[in-house]
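Asker: Before we start, here is the structure in question, set down as structure tokens.
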Amino acid sequence: MNAGQREGNAPMKVLVTGGARSGKSGFAERYAAVLGHEGLYVATAQAYDDEMRRRIALHRQSRSERGFRWTTAEEPFALAELLERSSAPVVLVDCLTLWLSNWLLRLEQEPDAEAQLEAKIDSLASVFATVKQPTVLVTNEVGAGLVPEYKLGRLFRDLSGRMNQRLAREADQVFLVASGIPLELKSMAFKL
């Protein structure tokens, strides 16, 4: 059995989480390169200012220098749809919390924004459960800090936590990256 497959040839579904600058993206890229010979890199960030444009350019450059052949798709919203139709040997999505932020900012004035966002998370999780190739999703662990002062911040924190839990249930492996060190959580999970 190769690294990208479980028993029965089912595709490997991986969730990578951690704090800001924890090393999760770098680990996810290296791990995805083990799962396939080339891949689709799905970037969810939107460049709203010069600083973000520079960050995106640096990410693109560093990916091109690592020797793994990535095709990049910039998709801030239609993530489930993109995953559903992808035929790439391996898919890496970086990152889910930016995807959630994009939707939250688009829908924040809607009276049923939370319900709409929950539906988008459920749709993403359903597609993730049925992906046909190894897929690595990167997300942030945002609930370890203070309770946000503002309603929008609390909603983002709550939705992020529920999203991460929902996707972790579908994942074959869940890695927490802290200080550049990845720990696989599902194999260590306490069973009741």
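The way I read the labels, and the way they are meant: chains A, B, ... in the order of the structure tokens, residue 1 as the first residue of every chain, and ligand 1 as the first ligand shown, with later ones counted on from there.
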Write out, as CSV, each residue of region 123-181 of chain A that has an atom at most 12 Å from region 42-53 of chain A, together with the closest pair of atoms and their distance in Å to one decimal, counting only C-alpha atoms, rows going by chain and rising number.

Answerer:
```
residue,atom,partner,partner_atom,distance
A:Thr135,CA,A:Val42,CA,10.6
A:Val136,CA,A:Val42,CA,10.1
A:Leu137,CA,A:Val42,CA,9.4
A:Val138,CA,A:Ala43,CA,10.3
A:Thr139,CA,A:Thr44,CA,11.1
```

Asker: Can you list every residue in region 19-93 of chain A that DSSP puts in helix (DSSP H, G or I), as a VMD selection string?

Answerer: chain A and resid 24 to 35 50 to 64 79 to 85

Asker: Quick one: which region 22-68 of chain A residues come within 9 Å of region 173-184 of chain A, and what is the nearest atom pair for each with the distance in Å to one decimal, counting only C-alpha atoms, rows ordered by chain and ascending number, as CSV?

Answerer:
```
residue,atom,partner,partner_atom,distance
A:Ser22,CA,A:Ser179,CA,5.2
A:Gly23,CA,A:Gly180,CA,4.5
A:Lys24,CA,A:Val177,CA,5.4
A:Gly26,CA,A:Gly180,CA,8.6
A:Phe27,CA,A:Pro182,CA,7.4
```

Asker: Between CA of Arg54 (chain A) and CA of Gly143 (chain A), what is the spacing in Å?

Answerer: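 Calculated distance between CA of Gly143 (chain A) and CA of Arg54 (chain A) is 27.7 Å.
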
Asker: Suppose you want the space between CA of Asn140 (chain A) and CA of Asp112 (chain A); what is it in Å?

Answerer: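 Separation between CA of Asn140 (chain A) and CA of Asp112 (chain A): 24.4 Å.
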
Asker: Using only C-alpha atoms, which protein or nucleic acid residues come within 12 Å of Leu96 (chain A)? Drop anything in the same chain fewer than 6 positions from it, and give the result as a ChimeraX atom specification.

Answerer: /A:15-18,25,42-45,75-80,102-103,120-121,124-125,136-142,156,159-161,163-164,167

Asker: In terms of the shortest atom-to-atom distance over only C-alpha atoms, which of A:Ala115, A:Ala168, A:Leu104, A:Leu35 is closest to Phe128 (chain A)?

Answerer: A:Ala168

Asker: Measuring atom to atom with only C-alpha atoms, identify which of A:Leu146, A:Leu155, A:Leu192, A:Val131 is nearest to Leu105 (chain A).

Answerer: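 Counting only C-alpha atoms, the residue closest to Leu105 (chain A) is A:Leu155.
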
Asker: Leaving out Glu29 (chain A) and any residue of its chain fewer than 2 positions from it, which residues lie within 10 Å of it when counting only C-alpha atoms, given as a ChimeraX atom specification?

Answerer: /A:24-27,31-34,39,41,63,66,68,70,91-94,136,138

Asker: Counting only C-alpha atoms, which residue out of A:Lys191, A:Arg162, A:Lys132, A:Lys13 sits closest to Arg85 (chain A)?

Answerer: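 Among A:Lys191, A:Arg162, A:Lys132, A:Lys13, it is A:Lys132 that comes nearest to Arg85 (chain A).
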
Asker: Could you pull the residues within 8 Å of Gln133 (chain A), counting only C-alpha atoms, minus those fewer than 6 positions along the same chain, as an MDAnalysis selection string?

Answerer: chainID A and resid 11:12 87:91

Asker: For Ala119 (chain A), which residue out of A:Gly145, A:Arg166, A:Ala171, A:Gly153 is the nearest one, using only C-alpha atoms?

Answerer: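 Among A:Gly145, A:Arg166, A:Ala171, A:Gly153, it is A:Arg166 that comes nearest to Ala119 (chain A).
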
Asker: My list of candidates is A:Asp122, A:His59, A:Gly36, A:Glu110. Which is closest to Thr72 (chain A) when distances are computed with only C-alpha atoms?

Answerer: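 Once distances to Thr72 (chain A) are computed over only C-alpha atoms, the minimum belongs to A:His59.
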
Asker: Report, in Å with one decimal, the straight-line distance from CA of Ser86 (chain A) to CA of Thr130 (chain A).

Answerer: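 That distance, rounded to one decimal, is 11.9 Å.
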